[in-house]
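Printed here is final33.cif (mmCIF, C-alpha atoms):
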data_my_file
loop_
_atom_site.label_atom_id
_atom_site.label_comp_id
_atom_site.auth_asym_id
_atom_site.auth_seq_id
_atom_site.Cartn_x
_atom_site.Cartn_y
_atom_site.Cartn_z
CA MET A 1 0.00 0.00 0.00
CA LEU A 2 2.77 2.43 0.89
CA SER A 3 4.58 1.73 -2.39
CA TYR A 4 1.33 2.48 -4.21
CA PHE A 5 1.12 5.93 -2.62
CA ALA A 6 4.81 6.50 -3.29
CA ASP A 7 4.27 5.77 -6.98
CA ARG A 8 1.46 8.29 -7.12
CA LEU A 9 3.54 10.93 -5.38
CA ALA A 10 6.29 10.41 -7.95
CA SER A 11 3.76 10.85 -10.76
CA GLY A 12 2.78 14.34 -9.73
CA VAL A 13 0.11 14.06 -7.02
CA PRO A 14 0.36 17.23 -4.88
CA GLU A 15 2.35 16.61 -1.75
CA VAL A 16 1.85 18.50 1.52
CA LYS A 17 4.68 20.09 3.41
CA ALA A 18 6.90 17.59 5.19
CA HIS A 19 7.03 19.63 8.42
CA ALA A 20 3.21 19.82 8.79
CA VAL A 21 2.92 16.93 11.25
CA GLY A 22 0.58 16.29 14.14
CA HIS A 23 -0.25 13.65 16.71
CA ILE A 24 -3.27 11.62 17.79
CA SER A 25 -5.02 13.15 20.78
CA ARG A 26 -8.14 11.02 21.00
CA VAL A 27 -9.94 8.00 19.51
CA VAL A 28 -13.74 8.18 19.41
CA GLY A 29 -15.43 5.12 17.99
CA LEU A 30 -14.28 4.77 14.39
CA SER A 31 -12.66 8.19 14.10
CA LEU A 32 -9.33 9.60 15.23
CA GLU A 33 -8.79 13.14 16.50
CA ALA A 34 -5.47 14.80 15.74
CA VAL A 35 -3.95 18.16 16.67
CA GLY A 36 -1.18 20.07 14.95
CA LEU A 37 -2.45 19.53 11.40
CA ASN A 38 -3.65 22.15 8.95
CA LEU A 39 -5.01 20.07 6.08
CA ALA A 40 -7.95 20.26 3.70
CA MET A 41 -10.77 17.75 3.51
CA GLY A 42 -9.71 14.62 1.63
CA ALA A 43 -5.97 14.90 2.41
CA ARG A 44 -4.20 11.64 3.18
CA CYS A 45 -1.94 11.02 6.17
CA GLN A 46 0.13 8.20 7.60
CA VAL A 47 -0.28 7.37 11.29
CA MET A 48 2.81 5.87 12.92
CA ALA A 49 1.14 3.44 15.35
CA SER A 50 4.51 1.96 16.36
CA ASP A 51 8.07 1.69 15.12
CA SER A 52 7.08 -1.16 12.79
CA LEU A 53 3.40 -0.46 12.05
CA SER A 54 1.69 2.39 10.23
CA PHE A 55 -1.62 2.88 8.43
CA GLU A 56 -3.28 5.43 6.16
CA VAL A 57 -6.05 7.80 7.17
CA GLU A 58 -8.00 10.54 5.43
CA VAL A 59 -9.19 13.91 6.70
CA VAL A 60 -12.99 13.79 6.98
CA GLY A 61 -13.62 16.89 9.10
CA PHE A 62 -12.23 19.44 11.52
CA ASN A 63 -13.30 21.58 14.45
CA HIS A 64 -11.00 24.54 15.17
CA SER A 65 -7.61 22.93 15.94
CA ILE A 66 -8.92 19.36 15.95
CA THR A 67 -8.75 17.37 12.71
CA TYR A 68 -10.96 14.30 12.33
CA LEU A 69 -9.34 11.34 10.58
CA MET A 70 -10.87 8.10 9.32
CA PRO A 71 -8.62 5.04 8.77
CA LEU A 72 -8.59 3.06 5.53
CA VAL A 73 -7.70 -0.15 7.39
CA PRO A 74 -8.54 -1.51 10.87
CA ILE A 75 -6.65 0.22 13.69
CA ARG A 76 -4.04 -1.81 15.58
CA GLU A 77 -1.46 -1.01 18.26
CA LEU A 78 -2.38 2.67 18.33
CA LYS A 79 -1.18 4.67 21.35
CA PRO A 80 -1.91 8.22 22.54
CA GLY A 81 0.33 10.81 20.88
CA ALA A 82 1.06 8.70 17.79
CA LEU A 83 2.69 10.76 15.05
CA VAL A 84 0.61 11.77 12.01
CA LYS A 85 2.52 12.55 8.80
CA PRO A 86 0.71 14.04 5.78
CA ILE A 87 1.24 12.02 2.58
CA MET A 88 -0.64 13.90 -0.11
CA ALA A 89 -2.87 16.94 -0.34
CA SER A 90 -5.29 15.37 -2.84
CA VAL A 91 -6.17 11.84 -3.84
CA ALA A 92 -5.85 10.32 -7.32
CA VAL A 93 -7.24 7.10 -8.78
CA PRO A 94 -5.28 4.83 -11.16
CA ALA A 95 -6.99 4.38 -14.53
CA GLY A 96 -6.12 2.89 -17.89
CA GLU A 97 -6.39 -0.26 -19.97
CA ALA A 98 -3.93 -1.94 -17.61
CA LEU A 99 -6.84 -2.20 -15.15
CA LEU A 100 -8.81 -4.53 -17.43
CA GLY A 101 -8.89 -8.01 -15.98
CA ARG A 102 -7.66 -6.78 -12.59
CA ILE A 103 -9.15 -6.66 -9.09
CA VAL A 104 -8.41 -3.63 -6.92
CA ASP A 105 -9.45 -2.44 -3.49
CA GLY A 106 -11.40 0.68 -2.59
CA VAL A 107 -8.51 3.06 -3.36
CA GLY A 108 -7.31 1.34 -6.54
CA SER A 109 -4.50 -0.82 -5.13
CA PRO A 110 -4.33 -4.31 -6.72
CA ILE A 111 -5.36 -7.25 -4.52
CA ASP A 112 -5.34 -10.08 -7.08
CA GLY A 113 -1.73 -11.12 -6.58
CA LYS A 114 -0.73 -10.22 -10.15
CA GLY A 115 1.74 -7.52 -9.20
CA SER A 116 1.57 -3.80 -9.87
CA LEU A 117 -0.88 -2.27 -12.31
CA GLY A 118 1.82 -1.20 -14.72
CA SER A 119 1.24 1.78 -16.99
CA VAL A 120 -1.74 3.72 -15.62
CA GLU A 121 -2.85 7.35 -15.42
CA ASN A 122 -3.60 9.03 -12.12
CA ILE A 123 -6.87 10.91 -12.47
CA SER A 124 -8.76 13.16 -10.09
CA PHE A 125 -10.96 11.44 -7.55
CA HIS A 126 -13.52 14.23 -7.89
CA PRO A 127 -13.66 15.38 -11.54
CA GLN A 128 -15.66 18.35 -12.69
CA PRO A 129 -19.31 17.42 -13.29
CA ILE A 130 -20.61 17.40 -16.86
CA ASN A 131 -22.95 20.23 -17.77
CA PRO A 132 -26.36 18.54 -18.15
CA LEU A 133 -26.93 20.45 -21.40
CA ASP A 134 -23.76 18.91 -22.85
CA ARG A 135 -24.87 15.32 -22.24
CA GLU A 136 -26.05 13.29 -25.21
CA PRO A 137 -29.71 12.19 -24.96
CA ILE A 138 -30.59 8.57 -24.22
CA ASN A 139 -31.87 7.27 -27.55
CA GLN A 140 -30.23 3.86 -28.04
CA VAL A 141 -31.35 0.60 -26.46
CA LEU A 142 -28.81 -1.52 -24.56
CA ASP A 143 -28.94 -5.30 -24.82
CA VAL A 144 -28.35 -6.73 -21.32
CA GLY A 145 -28.86 -10.38 -22.27
CA VAL A 146 -31.78 -10.84 -19.82
CA ARG A 147 -35.07 -11.50 -21.62
CA SER A 148 -37.44 -10.12 -18.99
CA ILE A 149 -35.53 -6.81 -18.93
CA ASN A 150 -34.98 -6.60 -22.69
CA ALA A 151 -38.68 -7.24 -23.36
CA SER A 152 -40.64 -5.48 -20.63
CA LEU A 153 -38.13 -3.06 -19.06
CA SER A 154 -35.87 -2.06 -21.96
CA ILE A 155 -32.74 -0.18 -20.86
CA GLY A 156 -31.13 2.70 -22.74
CA CYS A 157 -27.41 3.41 -23.08
CA GLY A 158 -26.60 5.90 -20.33
CA GLN A 159 -29.55 4.98 -18.10
CA ARG A 160 -29.20 4.60 -14.32
CA VAL A 161 -31.29 1.82 -12.82
CA GLY A 162 -31.79 0.48 -9.31
CA LEU A 163 -32.17 -3.21 -8.42
CA PHE A 164 -34.38 -3.22 -5.32
CA ALA A 165 -34.60 -6.35 -3.18
CA GLY A 166 -34.12 -7.80 0.26
CA SER A 167 -31.23 -10.07 1.12
CA GLY A 168 -30.89 -13.43 -0.64
CA VAL A 169 -33.29 -12.74 -3.53
CA GLY A 170 -30.75 -12.84 -6.37
CA LYS A 171 -29.39 -9.32 -6.87
CA SER A 172 -25.78 -10.43 -7.30
CA VAL A 173 -26.75 -13.27 -9.64
CA LEU A 174 -28.73 -10.87 -11.84
CA LEU A 175 -25.71 -8.55 -11.97
CA GLY A 176 -23.61 -11.47 -13.14
CA MET A 177 -26.16 -12.34 -15.84
CA MET A 178 -26.03 -8.78 -17.16
CA THR A 179 -22.22 -8.78 -17.04
CA ARG A 180 -22.17 -11.85 -19.30
CA GLY A 181 -24.88 -10.72 -21.69
CA CYS A 182 -24.33 -6.98 -21.99
CA GLU A 183 -22.90 -5.57 -25.22
CA ALA A 184 -20.74 -3.01 -23.39
CA ASP A 185 -17.07 -2.43 -24.26
CA VAL A 186 -15.97 -2.32 -20.60
CA VAL A 187 -17.64 -3.57 -17.42
CA VAL A 188 -16.77 -1.96 -14.07
CA VAL A 189 -18.02 -3.87 -11.03
CA GLY A 190 -18.06 -2.40 -7.53
CA LEU A 191 -18.56 -5.08 -4.84
CA VAL A 192 -18.95 -2.86 -1.80
CA GLY A 193 -19.97 -3.82 1.72
CA GLU A 194 -21.08 -7.33 0.80
CA ARG A 195 -19.82 -10.72 1.99
CA GLY A 196 -16.17 -11.34 1.18
CA ARG A 197 -17.05 -14.83 -0.06
CA GLU A 198 -19.11 -13.30 -2.87
CA VAL A 199 -16.10 -11.48 -4.33
CA LYS A 200 -14.28 -14.67 -5.36
CA GLU A 201 -17.52 -16.36 -6.40
CA PHE A 202 -18.48 -13.45 -8.63
CA ILE A 203 -15.08 -13.38 -10.31
CA HIS A 204 -14.45 -17.09 -10.79
CA GLU A 205 -17.93 -18.62 -11.06
CA ILE A 206 -20.06 -15.90 -12.63
CA LEU A 207 -17.45 -14.38 -14.98
CA THR A 208 -15.64 -16.45 -17.60
CA GLU A 209 -11.98 -15.81 -18.43
CA GLU A 210 -12.99 -13.92 -21.58
CA GLU A 211 -15.44 -11.73 -19.67
CA ARG A 212 -12.85 -10.94 -17.01
CA GLN A 213 -10.56 -9.47 -19.68
CA ARG A 214 -12.98 -6.60 -20.30
CA ALA A 215 -13.92 -6.09 -16.65
CA VAL A 216 -12.49 -4.15 -13.73
CA VAL A 217 -13.57 -5.30 -10.26
CA VAL A 218 -13.35 -2.96 -7.26
CA ALA A 219 -13.78 -4.93 -4.04
CA ALA A 220 -14.35 -3.47 -0.57
CA PRO A 221 -16.09 -6.19 1.48
CA ALA A 222 -18.07 -5.74 4.68
CA ASP A 223 -15.04 -6.26 6.93
CA THR A 224 -13.17 -3.24 5.54
CA SER A 225 -13.36 0.20 7.12
CA PRO A 226 -16.32 2.49 6.32
CA LEU A 227 -13.97 4.87 4.49
CA MET A 228 -12.70 2.04 2.28
CA ARG A 229 -16.29 1.04 1.48
CA LEU A 230 -17.18 4.64 0.68
CA LYS A 231 -14.12 5.02 -1.55
CA GLY A 232 -14.87 1.69 -3.22
CA CYS A 233 -18.04 3.03 -4.84
CA GLU A 234 -16.40 6.30 -5.82
CA THR A 235 -13.33 4.56 -7.25
CA ALA A 236 -15.54 2.32 -9.41
CA VAL A 237 -17.41 5.35 -10.74
CA THR A 238 -14.15 7.24 -11.40
CA ILE A 239 -12.72 4.31 -13.39
CA ALA A 240 -15.97 4.07 -15.38
CA GLU A 241 -15.77 7.81 -16.13
CA TYR A 242 -12.26 7.35 -17.50
CA PHE A 243 -13.38 4.75 -20.05
CA ARG A 244 -16.48 6.78 -20.92
CA ASP A 245 -14.31 9.82 -21.64
CA LYS A 246 -12.33 7.60 -24.05
CA GLY A 247 -15.52 7.09 -26.08
CA MET A 248 -16.34 3.60 -24.78
CA LYS A 249 -19.70 2.08 -23.86
CA VAL A 250 -19.37 1.22 -20.16
CA LEU A 251 -21.56 -0.95 -17.94
CA LEU A 252 -21.22 0.04 -14.26
CA LEU A 253 -22.51 -2.36 -11.61
CA ILE A 254 -22.52 -1.22 -7.96
CA ASP A 255 -23.42 -3.77 -5.28
CA SER A 256 -24.64 -2.07 -3.24
CA LEU A 257 -25.74 1.56 -3.04
CA THR A 258 -27.21 0.89 0.40
CA ARG A 259 -23.81 -0.11 1.80
CA TYR A 260 -22.38 3.12 0.38
CA ALA A 261 -25.02 5.07 2.31
CA MET A 262 -24.35 3.06 5.46
CA ALA A 263 -20.61 3.73 5.20
CA GLN A 264 -21.25 7.46 4.93
CA ARG A 265 -23.61 7.23 7.90
CA GLU A 266 -20.90 5.58 10.01
CA ILE A 267 -18.38 8.27 9.08
CA ALA A 268 -20.80 11.17 9.57
CA LEU A 269 -21.97 9.97 12.98
CA ALA A 270 -18.38 9.33 14.07
CA VAL A 271 -17.42 12.98 13.43
CA GLY A 272 -20.48 14.36 15.19
CA GLU A 273 -23.07 14.96 12.45
CA PRO A 274 -26.58 14.67 13.95
CA PRO A 275 -28.84 11.84 12.71
CA ALA A 276 -31.98 12.77 10.78
CA THR A 277 -34.21 10.36 8.84
CA LYS A 278 -34.19 6.97 10.63
CA GLY A 279 -30.64 7.54 11.84
CA TYR A 280 -29.22 8.71 8.50
CA PRO A 281 -27.46 12.12 8.68
CA PRO A 282 -28.26 14.74 6.00
CA SER A 283 -24.89 14.24 4.28
CA VAL A 284 -26.00 10.75 3.19
CA PHE A 285 -28.84 12.17 1.11
CA ALA A 286 -26.49 14.77 -0.36
CA ARG A 287 -23.88 12.21 -1.44
CA LEU A 288 -26.29 9.75 -3.07
CA PRO A 289 -27.33 12.01 -5.99
CA ALA A 290 -23.76 13.29 -6.32
CA LEU A 291 -22.59 9.70 -6.90
CA VAL A 292 -25.46 8.65 -9.18
CA GLU A 293 -25.30 11.76 -11.39
CA ARG A 294 -21.72 10.97 -12.37
CA ALA A 295 -22.99 8.07 -14.50
CA GLY A 296 -24.93 8.51 -17.75
CA ASN A 297 -24.06 9.69 -21.22
CA GLY A 298 -21.09 11.95 -21.85
CA SER A 299 -20.78 14.79 -24.34
CA GLU A 300 -20.78 14.39 -28.12
CA ARG A 301 -17.31 12.82 -28.43
CA GLN A 302 -17.58 10.71 -25.28
CA GLY A 303 -19.17 7.34 -24.60
CA SER A 304 -21.77 6.31 -22.04
CA ILE A 305 -22.05 4.77 -18.57
CA THR A 306 -25.11 2.58 -18.09
CA ALA A 307 -25.31 1.97 -14.36
CA PHE A 308 -27.09 -0.59 -12.21
CA TYR A 309 -27.13 -0.01 -8.45
CA THR A 310 -28.43 -2.65 -6.08
CA VAL A 311 -30.51 -1.26 -3.22
CA LEU A 312 -31.09 -3.42 -0.15
CA THR A 313 -34.66 -3.02 1.09
CA GLU A 314 -34.54 -3.93 4.78
CA GLY A 315 -37.43 -6.24 5.60
CA ASP A 316 -38.47 -6.00 1.91
CA ASP A 317 -39.71 -2.47 2.69
CA LEU A 318 -39.62 -0.33 -0.46
CA GLN A 319 -40.30 2.74 1.71
CA ASP A 320 -36.92 2.41 3.44
CA PRO A 321 -35.32 5.90 3.40
CA ILE A 322 -32.41 4.88 1.17
CA ALA A 323 -34.67 2.95 -1.21
CA ASP A 324 -37.06 5.90 -1.36
CA ALA A 325 -34.26 8.39 -2.01
CA ALA A 326 -32.65 6.17 -4.67
CA ARG A 327 -35.92 5.63 -6.49
CA ALA A 328 -36.34 9.39 -6.84
CA ILE A 329 -32.92 10.02 -8.40
CA LEU A 330 -32.65 6.97 -10.70
CA ASP A 331 -34.04 6.53 -14.21
CA GLY A 332 -35.96 3.41 -13.30
CA HIS A 333 -36.10 0.54 -10.86
CA VAL A 334 -36.21 -3.25 -11.11
CA VAL A 335 -37.87 -4.84 -8.08
CA LEU A 336 -36.96 -8.41 -7.16
CA SER A 337 -39.73 -10.29 -5.36
CA ARG A 338 -39.02 -12.67 -2.49
CA THR A 339 -42.30 -14.47 -3.25
CA LEU A 340 -41.15 -15.18 -6.81
CA ALA A 341 -37.71 -16.26 -5.61
CA ASP A 342 -39.24 -18.63 -3.03
CA SER A 343 -41.32 -20.22 -5.79
CA GLY A 344 -38.22 -20.85 -7.96
CA HIS A 345 -38.97 -18.07 -10.45
CA TYR A 346 -35.58 -16.64 -11.53
CA PRO A 347 -34.68 -13.93 -12.16
CA ALA A 348 -37.28 -12.92 -9.58
CA ILE A 349 -38.25 -9.68 -11.34
CA ASP A 350 -41.65 -8.28 -10.40
CA ILE A 351 -42.67 -6.55 -13.64
CA GLU A 352 -45.72 -5.03 -11.92
CA ALA A 353 -43.60 -3.03 -9.50
CA SER A 354 -40.72 -2.29 -11.91
CA ILE A 355 -40.38 0.48 -14.47
CA SER A 356 -37.88 1.84 -17.00
CA ARG A 357 -38.41 5.58 -17.36
CA VAL A 358 -36.50 5.86 -20.63
CA MET A 359 -38.09 2.85 -22.34
CA PRO A 360 -40.49 5.04 -24.42
CA MET A 361 -37.46 6.89 -25.81
CA VAL A 362 -35.51 3.84 -26.98
CA VAL A 363 -38.10 1.34 -28.28
CA SER A 364 -40.82 1.44 -30.93
CA GLU A 365 -44.48 2.12 -30.19
CA GLU A 366 -45.30 -1.46 -31.15
CA HIS A 367 -42.82 -2.74 -28.56
CA GLN A 368 -44.39 -0.54 -25.88
CA LEU A 369 -47.91 -1.80 -26.72
CA MET A 370 -46.81 -5.44 -26.54
CA ALA A 371 -45.04 -4.92 -23.20
CA ARG A 372 -48.05 -3.07 -21.81
CA ARG A 373 -50.43 -5.84 -22.91
CA ILE A 374 -48.33 -8.56 -21.26
CA ARG A 375 -48.06 -6.49 -18.09
CA GLN A 376 -51.84 -5.98 -17.97
CA VAL A 377 -52.61 -9.70 -18.35
CA TYR A 378 -49.93 -10.65 -15.82
CA SER A 379 -51.23 -8.06 -13.33
CA ASN A 380 -54.79 -9.31 -13.78
CA TYR A 381 -53.69 -12.82 -12.85
CA LYS A 382 -51.74 -11.63 -9.79
CA GLN A 383 -54.67 -9.59 -8.50
CA ASN A 384 -56.97 -12.61 -8.63
CA GLN A 385 -54.42 -15.27 -7.75
CA ASP A 386 -55.87 -15.97 -4.31
CA LEU A 387 -59.36 -16.59 -5.72
CA ILE A 388 -57.94 -18.81 -8.44
CA SER A 389 -55.77 -20.80 -6.02
CA ILE A 390 -58.61 -21.71 -3.62
CA GLY A 391 -61.03 -22.49 -6.46
CA ALA A 392 -63.35 -19.59 -5.69
CA TYR A 393 -63.27 -18.30 -9.25
CA ALA A 394 -65.77 -19.88 -11.64
CA LYS A 395 -64.48 -20.29 -15.16
CA GLY A 396 -66.34 -18.03 -17.61
CA SER A 397 -67.22 -15.36 -15.03
CA ASP A 398 -64.75 -12.83 -16.47
CA PRO A 399 -63.11 -13.21 -19.92
CA ARG A 400 -60.10 -11.18 -18.76
CA ILE A 401 -59.39 -13.57 -15.88
CA ASP A 402 -59.93 -16.57 -18.15
CA LEU A 403 -57.30 -15.15 -20.53
CA ALA A 404 -54.92 -14.48 -17.64
CA ILE A 405 -55.23 -18.08 -16.40
CA ARG A 406 -54.51 -19.48 -19.86
CA ALA A 407 -51.59 -17.10 -20.47
CA GLU A 408 -49.92 -17.36 -17.05
CA PRO A 409 -47.63 -20.34 -17.89
CA ALA A 410 -46.45 -18.67 -21.13
CA ILE A 411 -45.82 -15.34 -19.40
CA ASN A 412 -43.81 -17.03 -16.64
CA ALA A 413 -41.80 -18.91 -19.27
CA LEU A 414 -40.99 -15.59 -20.99
CA LEU A 415 -39.89 -13.97 -17.73
CA GLN A 416 -37.69 -16.85 -16.51
CA GLN A 417 -34.14 -17.57 -17.60
CA GLY A 418 -31.20 -19.74 -16.56
CA MET A 419 -28.40 -18.10 -14.60
CA LYS A 420 -25.79 -18.80 -17.31
CA GLN A 421 -28.14 -18.30 -20.24
CA VAL A 422 -27.74 -15.22 -22.45
CA ILE A 423 -30.77 -14.20 -24.53
CA PRO A 424 -30.07 -11.39 -27.05
CA TYR A 425 -32.38 -8.43 -27.50
CA ASP A 426 -33.76 -9.55 -30.90
CA GLU A 427 -34.57 -13.01 -29.57
CA SER A 428 -36.30 -11.42 -26.55
CA LEU A 429 -38.49 -9.36 -28.87
CA GLU A 430 -39.40 -12.42 -30.92
CA GLY A 431 -40.55 -14.26 -27.81
CA MET A 432 -42.54 -11.26 -26.60
CA ALA A 433 -44.16 -10.75 -30.02
CA ALA A 434 -45.26 -14.40 -30.17
CA LEU A 435 -46.79 -14.16 -26.70
CA ALA A 436 -48.47 -10.81 -27.37
CA LYS A 437 -50.05 -12.22 -30.54
CA GLY A 438 -51.60 -15.01 -28.48
CA LEU A 439 -53.01 -12.37 -26.13
CA GLY A 440 -54.71 -10.53 -28.97
CA GLN A 441 -52.00 -7.88 -29.48
CA GLY A 442 -50.20 -7.35 -32.79
#

Rewrite the structure of this file - the entire thing - as structure tokens.
Amino acid sequence: MLSYFADRLASGVPEVKAHAVGHISRVVGLSLEAVGLNLAMGARCQVMASDSLSFEVEVVGFNHSITYLMPLVPIRELKPGALVKPIMASVAVPAGEALLGRIVDGVGSPIDGKGSLGSVENISFHPQPINPLDREPINQVLDVGVRSINASLSIGCGQRVGLFAGSGVGKSVLLGMMTRGCEADVVVVGLVGERGREVKEFIHEILTEEERQRAVVVAAPADTSPLMRLKGCETAVTIAEYFRDKGMKVLLLIDSLTRYAMAQREIALAVGEPPATKGYPPSVFARLPALVERAGNGSERQGSITAFYTVLTEGDDLQDPIADAARAILDGHVVLSRTLADSGHYPAIDIEASISRVMPMVVSEEHQLMARRIRQVYSNYKQNQDLISIGAYAKGSDPRIDLAIRAEPAINALLQQGMKQVIPYDESLEGMAALAKGLGQG
């Protein structure tokens, strides 16, 4: 880790004055308090815990002469008065084609055992935002290789979509399906705050060797520090922005946006920010749109970032404050149903509760009418499912329910797909058109 920072210092990252040192005066929960420093927010320091042990921290706040620091790694052997040496005044992220096929941690340091990253560029961690009037409109459909999404929830290049679900419903598996089937040039995956076991599984079981060569994986599991988890999301977005600026079509997968919000909550509470909505400080709801808005289409000569963010709905509650805030700032949401998952329906996408807000801009009117017809018939069956299951519905009472009962097996077959199966966009449309014709549409 130290050699990584040394490389970046040698490449031109602004360095702070060597004599501007301080010492640790207090440890409060997850944060460290230091005196004697005069550093800006985001500056990096090295804490000398002992003669043989040191670790990196970042400035996350200050109060008069007290500077609040958050460690990037777990704290060990720290004693009162430990020396704090500034390393760099601003933080850079490594980017370049050398990252393809590699796995890095939350600050861009390789963790895959393949040595250094080689020839990379060091780019700003917080680039200037794109003027919204300079962004290209979303007018091209993106094939994600998942039939239920291609057919009923078509995604546009540059769209930002949330995958909403509780734990264990198949969010990570669906991300892997889209990674395999998407037509993007580069895939950037941020595995943030999730189980460490899933990192290796995602890389070696979900991605093939060929797919790994066009992917960059940023991993910051649940056992890392909140700052590392926070940086993990931002590093993934920064790397995606680099490839977009090179004119490439990028697929960005963040698992999960909820863990990003929780990491910011831990940091904000540790430095004294008061809690607001259900324990989340106001800064959480300020950082969410700032992160999400960085994805999307670039300017005329740039590419696009199509982003999928998983959102953990605690207790399957879609009114959870993070889920509610994310739904408002995203361009659509795909809801995964625990009921469907429990019945063996995968991917467990609830098309009734899901929506793609840019679908009307990227598909034909005929496609929209077919998708709407299938949704109506499917919804009609779901609304009367209890009556049908207990035998309370008499056949012939309502022609719409009769149609829904006959069509339900075909609709379920259209919406289901094997985990390792890739179904192209054109094939998805053919299946939907055949079903819609049987429903009296087209």

Take every atom of range 220-230 of chain A listed in the file, pad by 8 Å on each side, and give me the axis-aligned box centre and edge lengths in Å, one decimal, as lines of an AutoDock Vina configuration file.
center_x = -15.4
center_y = -0.7
center_z = 3.3
size_x = 21.4
size_y = 27.1
size_z = 23.7

Residue nearest Leu99 in chain A - candidates A:Ser119, A:Thr306, A:Gln128, A:Thr277, atoms counted: only C-alpha atoms =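 The answer is A:Ser119, which sits nearest to Leu99 in chain A.
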
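For range 350-358 of chain A, the residues within 8 Å (counting only C-alpha atoms, excluding itself and residues fewer than 5 positions away along the chain) are A:Ile138, A:Ser152, A:Leu153, A:Ser154, A:Ile155, A:Gly156, A:Gln159, A:Val161, A:Asp331, A:Gly332, A:His333, A:Val334, A:Val335, A:Leu336, A:Ser337, A:Leu340, A:Arg375, A:Ser379.
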
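What the PyMOL selection byres ((chain A and resi 363) around 10) picks from this file is Asn139, Gln140, Val141, Ala151, Ser154, Ile155, Gly156, Val358, Met359, Pro360, Met361, Val362, Ser364, Glu365, Glu366, His367 and Gln368 of chain A.
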
With C-alpha atoms retained, could you export that selection as a CSV table (one decimal), in the coordinates of the input?
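Saved as out32.csv:
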chain,number,residue,atom,x,y,z
A,139,ASN,CA,-31.9,7.3,-27.6
A,140,GLN,CA,-30.2,3.9,-28.0
A,141,VAL,CA,-31.4,0.6,-26.5
A,151,ALA,CA,-38.7,-7.2,-23.4
A,154,SER,CA,-35.9,-2.1,-22.0
A,155,ILE,CA,-32.7,-0.2,-20.9
A,156,GLY,CA,-31.1,2.7,-22.7
A,358,VAL,CA,-36.5,5.9,-20.6
A,359,MET,CA,-38.1,2.8,-22.3
A,360,PRO,CA,-40.5,5.0,-24.4
A,361,MET,CA,-37.5,6.9,-25.8
A,362,VAL,CA,-35.5,3.8,-27.0
A,364,SER,CA,-40.8,1.4,-30.9
A,365,GLU,CA,-44.5,2.1,-30.2
A,366,GLU,CA,-45.3,-1.5,-31.2
A,367,HIS,CA,-42.8,-2.7,-28.6
A,368,GLN,CA,-44.4,-0.5,-25.9

Exercise: Gln264 in chain A partners within 12 Å, only C-alpha atoms, chain neighbours under 5 positions left out, as a PyMOL selection string = chain A and resi 60+70+193+225-234+257-259+269-271+273+275+279-288

Using 8 Å as the limit and counting all atoms listed in the file, can you tabulate each residue of range 263-352 of chain A that touches range 407-429 of chain A, with its shortest atom-to-atom distance in Å and the two atoms involved, as CSV?
residue,atom,partner,partner_atom,distance
A:His345,CA,A:Gln416,CA,6.3
A:Tyr346,CA,A:Gln416,CA,5.4
A:Pro347,CA,A:Gln416,CA,6.0
A:Ala348,CA,A:Gln416,CA,8.0
A:Ile349,CA,A:Leu415,CA,7.9

Let's have the selection written as a CSV table (one decimal), in the coordinates of the input, with C-alpha atoms.
chain,number,residue,atom,x,y,z
A,345,HIS,CA,-39.0,-18.1,-10.4
A,346,TYR,CA,-35.6,-16.6,-11.5
A,347,PRO,CA,-34.7,-13.9,-12.2
A,348,ALA,CA,-37.3,-12.9,-9.6
A,349,ILE,CA,-38.2,-9.7,-11.3

Computed gap from CA of Tyr242 in chain A to CA of Glu97 in chain A is 9.9 Å
